[in-house]
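Next comes target-v1.pdb, with PDB, C-alpha atoms.
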```pdb
ATOM      1  CA  MET A  15      37.514 106.365 115.584  1.00  0.00           C
ATOM      2  CA  THR A  16      38.885 106.228 119.070  1.00  0.00           C
ATOM      3  CA  PRO A  17      42.507 107.152 119.828  1.00  0.00           C
ATOM      4  CA  ARG A  18      43.216 103.473 120.486  1.00  0.00           C
ATOM      5  CA  GLU A  19      42.060 102.531 116.991  1.00  0.00           C
ATOM      6  CA  VAL A  20      44.104 105.359 115.457  1.00  0.00           C
ATOM      7  CA  VAL A  21      47.277 104.184 117.206  1.00  0.00           C
ATOM      8  CA  ALA A  22      46.557 100.562 116.240  1.00  0.00           C
ATOM      9  CA  THR A  23      46.054 101.569 112.603  1.00  0.00           C
ATOM     10  CA  ALA A  24      49.247 103.649 112.615  1.00  0.00           C
ATOM     11  CA  LEU A  25      51.235 100.740 114.093  1.00  0.00           C
ATOM     12  CA  LEU A  26      49.769  98.355 111.539  1.00  0.00           C
ATOM     13  CA  VAL A  27      50.600 100.663 108.625  1.00  0.00           C
ATOM     14  CA  PHE A  28      54.126 101.179 109.991  1.00  0.00           C
ATOM     15  CA  GLY A  29      54.671  97.423 110.494  1.00  0.00           C
ATOM     16  CA  VAL A  30      53.393  96.504 107.050  1.00  0.00           C
ATOM     17  CA  GLY A  31      55.497  99.299 105.530  1.00  0.00           C
ATOM     18  CA  VAL A  32      58.623  97.938 107.221  1.00  0.00           C
ATOM     19  CA  GLU A  33      57.817  94.427 105.988  1.00  0.00           C
ATOM     20  CA  LEU A  34      57.309  95.634 102.409  1.00  0.00           C
ATOM     21  CA  ALA A  35      60.515  97.696 102.474  1.00  0.00           C
ATOM     22  CA  CYS A  36      62.467  94.692 103.755  1.00  0.00           C
ATOM     23  CA  CYS A  37      60.989  92.424 101.087  1.00  0.00           C
ATOM     24  CA  LEU A  38      61.939  94.964  98.434  1.00  0.00           C
ATOM     25  CA  GLY A  39      65.466  95.157  99.888  1.00  0.00           C
ATOM     26  CA  VAL A  40      65.838  91.382  99.716  1.00  0.00           C
ATOM     27  CA  LEU A  41      64.711  91.414  96.089  1.00  0.00           C
ATOM     28  CA  VAL A  42      67.024  94.257  95.060  1.00  0.00           C
ATOM     29  CA  MET A  43      70.256  93.278  96.816  1.00  0.00           C
ATOM     30  CA  ARG A  44      72.637  90.957  94.983  1.00  0.00           C
ATOM     31  CA  GLY A  45      74.692  89.187  97.628  1.00  0.00           C
ATOM     32  CA  VAL A  46      73.584  86.887 100.416  1.00  0.00           C
ATOM     33  CA  TYR A  47      75.234  89.002 103.089  1.00  0.00           C
ATOM     34  CA  ASP A  48      73.559  92.168 101.821  1.00  0.00           C
ATOM     35  CA  LYS A  49      70.191  90.437 101.839  1.00  0.00           C
ATOM     36  CA  LEU A  50      70.680  89.340 105.442  1.00  0.00           C
ATOM     37  CA  HIS A  51      70.692  92.980 106.521  1.00  0.00           C
ATOM     38  CA  TYR A  52      67.097  93.316 105.371  1.00  0.00           C
ATOM     39  CA  THR A  53      65.775  90.233 107.168  1.00  0.00           C
ATOM     40  CA  SER A  54      66.528  91.577 110.627  1.00  0.00           C
ATOM     41  CA  PRO A  55      64.180  94.611 110.632  1.00  0.00           C
ATOM     42  CA  ALA A  56      61.430  92.495 109.091  1.00  0.00           C
ATOM     43  CA  THR A  57      61.514  89.980 111.918  1.00  0.00           C
ATOM     44  CA  THR A  58      62.028  92.473 114.726  1.00  0.00           C
ATOM     45  CA  ILE A  59      60.595  95.936 114.069  1.00  0.00           C
ATOM     46  CA  GLY A  60      57.842  94.877 111.678  1.00  0.00           C
ATOM     47  CA  ALA A  61      56.695  91.895 113.726  1.00  0.00           C
ATOM     48  CA  VAL A  62      56.649  93.848 116.998  1.00  0.00           C
ATOM     49  CA  ALA A  63      54.710  96.748 115.427  1.00  0.00           C
ATOM     50  CA  ILE A  64      52.115  94.412 113.924  1.00  0.00           C
ATOM     51  CA  ALA A  65      51.802  92.457 117.191  1.00  0.00           C
ATOM     52  CA  ALA A  66      51.353  95.711 119.124  1.00  0.00           C
ATOM     53  CA  ALA A  67      48.632  96.782 116.678  1.00  0.00           C
ATOM     54  CA  VAL A  68      46.818  93.471 117.162  1.00  0.00           C
ATOM     55  CA  VAL A  69      47.096  93.750 120.957  1.00  0.00           C
ATOM     56  CA  LEU A  70      45.711  97.298 120.895  1.00  0.00           C
ATOM     57  CA  ARG A  71      42.891  96.328 118.583  1.00  0.00           C
ATOM     58  CA  GLU A  72      41.866  92.930 120.022  1.00  0.00           C
ATOM     59  CA  SER A  73      43.269  93.070 123.611  1.00  0.00           C
ATOM     60  CA  VAL A  74      45.465  90.386 125.126  1.00  0.00           C
ATOM     61  CA  VAL A  75      42.862  87.652 125.351  1.00  0.00           C
ATOM     62  CA  THR A  76      43.200  85.368 122.312  1.00  0.00           C
ATOM     63  CA  TYR A  77      44.521  87.071 119.202  1.00  0.00           C
ATOM     64  CA  GLY A  78      46.687  89.477 121.180  1.00  0.00           C
ATOM     65  CA  LEU A  79      48.377  86.652 123.072  1.00  0.00           C
ATOM     66  CA  LYS A  80      49.023  84.723 119.859  1.00  0.00           C
ATOM     67  CA  ALA A  81      50.434  87.826 118.167  1.00  0.00           C
ATOM     68  CA  MET A  82      52.777  88.461 121.114  1.00  0.00           C
ATOM     69  CA  LEU A  83      53.968  84.839 121.068  1.00  0.00           C
ATOM     70  CA  VAL A  84      54.662  84.976 117.322  1.00  0.00           C
ATOM     71  CA  ALA A  85      56.604  88.235 117.715  1.00  0.00           C
ATOM     72  CA  LEU A  86      58.572  86.729 120.615  1.00  0.00           C
ATOM     73  CA  ALA A  87      59.376  83.604 118.591  1.00  0.00           C
ATOM     74  CA  LEU A  88      60.612  85.761 115.708  1.00  0.00           C
ATOM     75  CA  LEU A  89      62.733  87.878 118.058  1.00  0.00           C
ATOM     76  CA  ILE A  90      64.360  84.752 119.510  1.00  0.00           C
ATOM     77  CA  THR A  91      64.932  82.835 116.287  1.00  0.00           C
ATOM     78  CA  ASN A  92      66.129  85.743 114.098  1.00  0.00           C
ATOM     79  CA  PRO A  93      69.763  85.786 115.328  1.00  0.00           C
ATOM     80  CA  VAL A  94      70.014  82.007 115.008  1.00  0.00           C
ATOM     81  CA  MET A  95      68.545  82.060 111.510  1.00  0.00           C
ATOM     82  CA  SER A  96      70.817  84.890 110.346  1.00  0.00           C
ATOM     83  CA  HIS A  97      73.902  83.163 111.724  1.00  0.00           C
ATOM     84  CA  ALA A  98      72.994  79.829 110.132  1.00  0.00           C
ATOM     85  CA  ILE A  99      72.374  81.419 106.733  1.00  0.00           C
ATOM     86  CA  ALA A 100      75.614  83.412 106.838  1.00  0.00           C
ATOM     87  CA  ARG A 101      77.592  80.355 107.910  1.00  0.00           C
ATOM     88  CA  ALA A 102      76.062  78.179 105.187  1.00  0.00           C
ATOM     89  CA  ALA A 103      76.825  80.837 102.564  1.00  0.00           C
ATOM     90  CA  ARG A 104      80.419  81.088 103.776  1.00  0.00           C
ATOM     91  CA  ILE A 105      80.932  77.308 103.728  1.00  0.00           C
ATOM     92  CA  ARG A 106      79.368  77.045 100.276  1.00  0.00           C
ATOM     93  CA  ARG A 107      81.648  79.736  98.893  1.00  0.00           C
ATOM     94  CA  HIS A 108      84.948  78.971 100.652  1.00  0.00           C
ATOM     95  CA  GLY A 109      84.611  75.330 101.660  1.00  0.00           C
ATOM     96  CA  ALA A 110      84.657  73.692 105.058  1.00  0.00           C
ATOM     97  CA  TRP A 111      86.273  75.308 108.061  1.00  0.00           C
ATOM     98  CA  THR A 112      89.804  74.205 108.910  1.00  0.00           C
ATOM     99  CA  ALA A 113      91.466  74.197 112.306  1.00  0.00           C
ATOM    100  CA  GLN A 114      95.112  73.944 113.348  1.00  0.00           C
ATOM    101  CA  GLU A 115      96.102  71.134 115.727  1.00  0.00           C
ATOM    102  CA  LYS A 116      99.456  70.091 117.133  1.00  0.00           C
ATOM    103  CA  ASP A 117     100.294  66.424 117.045  1.00  0.00           C
ATOM    104  CA  ALA A 118     102.543  64.540 119.483  1.00  0.00           C
ATOM    105  CA  GLU A 119     105.767  65.722 117.814  1.00  0.00           C
ATOM    106  CA  ASP A 120     104.778  69.426 118.033  1.00  0.00           C
ATOM    107  CA  GLU A 121     104.321  69.697 114.295  1.00  0.00           C
ATOM    108  CA  THR A 122     101.447  71.782 113.121  1.00  0.00           C
ATOM    109  CA  VAL A 123      98.988  69.718 111.132  1.00  0.00           C
ATOM    110  CA  GLU A 124      95.986  71.128 109.302  1.00  0.00           C
ATOM    111  CA  VAL A 125      92.833  69.248 110.222  1.00  0.00           C
ATOM    112  CA  GLU A 126      89.591  69.598 108.326  1.00  0.00           C
ATOM    113  CA  VAL A 127      86.573  69.988 110.579  1.00  0.00           C
ATOM    114  CA  ASP A 128      83.113  69.210 109.259  1.00  0.00           C
ATOM    115  CA  ARG A 129      80.607  71.246 111.328  1.00  0.00           C
ATOM    116  CA  ARG A 130      77.102  70.429 110.289  1.00  0.00           C
TER     117      ARG A 130
END
```
Mind converting the file's structure to structure tokens?
Amino acid sequence: MTPREVVATALLVFGVGVELACCLGVLVMRGVYDKLHYTSPATTIGAVAIAAAVVLRESVVTYGLKAMLVALALLITNPVMSHAIARAARIRRHGAWTAQEKDAEDETVEVEVDRR
């Protein structure tokens, strides 16, 4: 085996190990917010390590480019996904968000805001 193949294999084993550990963490944790902590490494560290292994093994031509694009898409969408899940869990548990507004007579009125 060449050094390039050894590094690619090590990255692949590391990436798959991170993915499996994160899946196990999601299964073991009880609350939604605790489970969200395990989704972040899976979509960042694991995806980047696996994409790097594919690029080292196959080069950047076809599979390498696709692997890099998938890793980039996961890196971009992970914060949005985590925020949306946390917000939906909060709204489901505590109800809709409320905001304070002042009306024309300077009385504070509670207004319910539906943010979907």
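The interatomic distance for the pair atom CA of A:Arg71 and atom CA of A:Arg18 works out to 7.4 Å.
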Problem set entry | Spatial neighbours of A:Val30, max dist 12 Å, only C-alpha atoms, sep filter under 5 positions, as an NGL selection string | :A and (23-25 or 35-37 or 55-57 or 59-65 or 67)
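Shortest separation to A:Ile90 among A:Thr58, A:Arg104, A:Phe28, A:Leu34 occurs at residue A:Thr58, atoms counted being all atoms listed in the file.
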Please, what is the axis-aligned box for every listed atom of stretch 16-34 of chain A with 5 Å on each side, as centre and edge lengths in Å to one decimal, as JSON?
```
{"center_x": 48.8, "center_y": 100.8, "center_z": 111.4, "size_x": 29.7, "size_y": 22.7, "size_z": 28.1}
```
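Among the candidate residues A:Val21, A:Leu38, A:Leu79, A:Val46, the one lying nearest to A:Arg107 is A:Val46, with distances computed using only C-alpha atoms.
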Problem set entry | Residue IDs satisfying the PyMOL selection byres ((chain A and resi 96) around 12), as a count of residues only | 26
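Between atom CA of A:Leu86 and atom CA of A:Ser73 there is a distance of 16.8 Å.
Rounded to one decimal, atom CA of A:Ala87 and atom CA of A:Gly31 lie 20.8 Å from each other.
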For this session: For each of A:Val42, A:Ala66, A:Glu19, A:Glu72, take the minimum atom-to-atom distance to A:Val84, counting only C-alpha atoms, then give the residue where this is smallest.
Result: A:Ala66
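Proximity of A:Val27, A:Val20, A:Val68, A:Val32 to A:Met82, computed with all atoms listed in the file, is greatest for A:Val68.
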Please produce stretch 20-33 of chain A, completed to N, CA, C and O atoms, as a PDB file, in the coordinates of the input.
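part-v7.pdb was written with the following content:
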```pdb
ATOM      1  N   VAL A  20      43.194 104.572 116.282  1.00  0.00           N
ATOM      2  CA  VAL A  20      44.104 105.359 115.457  1.00  0.00           C
ATOM      3  C   VAL A  20      45.545 104.880 115.662  1.00  0.00           C
ATOM      4  O   VAL A  20      46.296 104.692 114.693  1.00  0.00           O
ATOM      5  N   VAL A  21      45.919 104.665 116.917  1.00  0.00           N
ATOM      6  CA  VAL A  21      47.277 104.184 117.206  1.00  0.00           C
ATOM      7  C   VAL A  21      47.472 102.783 116.641  1.00  0.00           C
ATOM      8  O   VAL A  21      48.524 102.470 116.066  1.00  0.00           O
ATOM      9  N   ALA A  22      46.458 101.922 116.780  1.00  0.00           N
ATOM     10  CA  ALA A  22      46.557 100.562 116.240  1.00  0.00           C
ATOM     11  C   ALA A  22      46.698 100.586 114.724  1.00  0.00           C
ATOM     12  O   ALA A  22      47.508  99.847 114.154  1.00  0.00           O
ATOM     13  N   THR A  23      45.961 101.452 114.053  1.00  0.00           N
ATOM     14  CA  THR A  23      46.054 101.569 112.603  1.00  0.00           C
ATOM     15  C   THR A  23      47.425 102.100 112.193  1.00  0.00           C
ATOM     16  O   THR A  23      48.026 101.612 111.224  1.00  0.00           O
ATOM     17  N   ALA A  24      47.922 103.096 112.931  1.00  0.00           N
ATOM     18  CA  ALA A  24      49.247 103.649 112.615  1.00  0.00           C
ATOM     19  C   ALA A  24      50.335 102.597 112.803  1.00  0.00           C
ATOM     20  O   ALA A  24      51.248 102.485 111.976  1.00  0.00           O
ATOM     21  N   LEU A  25      50.247 101.817 113.867  1.00  0.00           N
ATOM     22  CA  LEU A  25      51.235 100.740 114.093  1.00  0.00           C
ATOM     23  C   LEU A  25      51.150  99.686 112.995  1.00  0.00           C
ATOM     24  O   LEU A  25      52.177  99.171 112.540  1.00  0.00           O
ATOM     25  N   LEU A  26      49.938  99.358 112.588  1.00  0.00           N
ATOM     26  CA  LEU A  26      49.769  98.355 111.539  1.00  0.00           C
ATOM     27  C   LEU A  26      50.333  98.853 110.208  1.00  0.00           C
ATOM     28  O   LEU A  26      51.043  98.121 109.512  1.00  0.00           O
ATOM     29  N   VAL A  27      50.062 100.092 109.867  1.00  0.00           N
ATOM     30  CA  VAL A  27      50.600 100.663 108.625  1.00  0.00           C
ATOM     31  C   VAL A  27      52.125 100.721 108.688  1.00  0.00           C
ATOM     32  O   VAL A  27      52.812 100.376 107.719  1.00  0.00           O
ATOM     33  N   PHE A  28      52.670 101.133 109.827  1.00  0.00           N
ATOM     34  CA  PHE A  28      54.126 101.179 109.991  1.00  0.00           C
ATOM     35  C   PHE A  28      54.733  99.782 109.866  1.00  0.00           C
ATOM     36  O   PHE A  28      55.732  99.586 109.161  1.00  0.00           O
ATOM     37  N   GLY A  29      54.148  98.791 110.541  1.00  0.00           N
ATOM     38  CA  GLY A  29      54.671  97.423 110.494  1.00  0.00           C
ATOM     39  C   GLY A  29      54.623  96.828 109.105  1.00  0.00           C
ATOM     40  O   GLY A  29      55.583  96.214 108.640  1.00  0.00           O
ATOM     41  N   VAL A  30      53.517  97.025 108.416  1.00  0.00           N
ATOM     42  CA  VAL A  30      53.393  96.504 107.050  1.00  0.00           C
ATOM     43  C   VAL A  30      54.353  97.243 106.114  1.00  0.00           C
ATOM     44  O   VAL A  30      54.958  96.626 105.223  1.00  0.00           O
ATOM     45  N   GLY A  31      54.542  98.540 106.339  1.00  0.00           N
ATOM     46  CA  GLY A  31      55.497  99.299 105.530  1.00  0.00           C
ATOM     47  C   GLY A  31      56.919  98.793 105.715  1.00  0.00           C
ATOM     48  O   GLY A  31      57.677  98.668 104.740  1.00  0.00           O
ATOM     49  N   VAL A  32      57.294  98.488 106.953  1.00  0.00           N
ATOM     50  CA  VAL A  32      58.623  97.938 107.221  1.00  0.00           C
ATOM     51  C   VAL A  32      58.780  96.582 106.542  1.00  0.00           C
ATOM     52  O   VAL A  32      59.812  96.294 105.921  1.00  0.00           O
ATOM     53  N   GLU A  33      57.764  95.746 106.628  1.00  0.00           N
ATOM     54  CA  GLU A  33      57.817  94.427 105.988  1.00  0.00           C
ATOM     55  C   GLU A  33      57.972  94.550 104.465  1.00  0.00           C
ATOM     56  O   GLU A  33      58.787  93.842 103.863  1.00  0.00           O
TER      57      GLU A  33
END
```
